[in-house]
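See below for the structure under consideration.
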Amino acid sequence: LYREARDILQPLANLEQRIGDDPAYAGIVRLMSPGSVGLKLYQQLLTLQQQYPHLVIDYRFAPNSDIERAVANHDIDLGFMTEISDDEGISCQSIAQEA
């Protein structure tokens with residue numbers, strides 16, 4: 001039991017170390033949103049990329065249904081939608097209201 005537990009816990013400890021070494025503002029972040037939302041966020045995202053040159057933001061415009069599918073398939077890291085998803089596997093939170 002000890003050996004099996006050690007074989008399970010050691011990779012977890014290694015994962016914790018690798019996550020701790022991961023820089024907060026470097027790497028690729030994949031986002032999608034409808035065009036109306038993206039036009040409001042685009043300038044702020046460009047500013048972030050200028051401020052953090054190792055941060056790569058892959059931003060795509062798409063309709064809600066494509067965003068929902070991409071989130072469910074783990075094709076993107078974050079999706080902004082203009083309506084709440086019916087998919088139980090997707091966690092949604094309202095962050096703003098648009099006219």
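Chain identifiers are assigned as A, B, and so on, following the order in which chains appear in the structure tokens; residues are numbered from 1 within each chain, and ligands are numbered from 1 in order of appearance.
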Apply DSSP to the structure's backbone, then extract all residues of chain A labelled strand (DSSP E) and return them as JSON, numbers by chain.
{"A": [27, 28, 29, 30, 31, 32, 33, 55, 56, 57, 58, 59, 60, 61, 78, 79]}
Range 23-40 of chain A surroundings by only C-alpha atoms, 8 Å radius, close-in-sequence under 5 positions cut, as a ChimeraX atom specification
/A:52-64,67,75-82
Expected answer as an MDAnalysis selection string: helix (DSSP H, G or I) residues in chain A
chainID A and resid 2:21 35:51 64:72
Env of Asp86 in chain A: 12 Å cut, atoms = only C-alpha atoms, seq-sep filter 2 positions within chain, self excluded. Answer as a PyMOL selection string.
chain A and resi 64-65+68-69+72+83-84+88-92
So how many Å separate CA of Val71 in chain A and CA of Ser85 in chain A, to one decimal?
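Straight-line distance from CA of Val71 in chain A to CA of Ser85 in chain A works out to 10.4 Å.
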For the atom pair CA of Asp66 in chain A and CA of Asp87 in chain A, what is the interatomic distance in Å to one decimal place?
12.8 Å
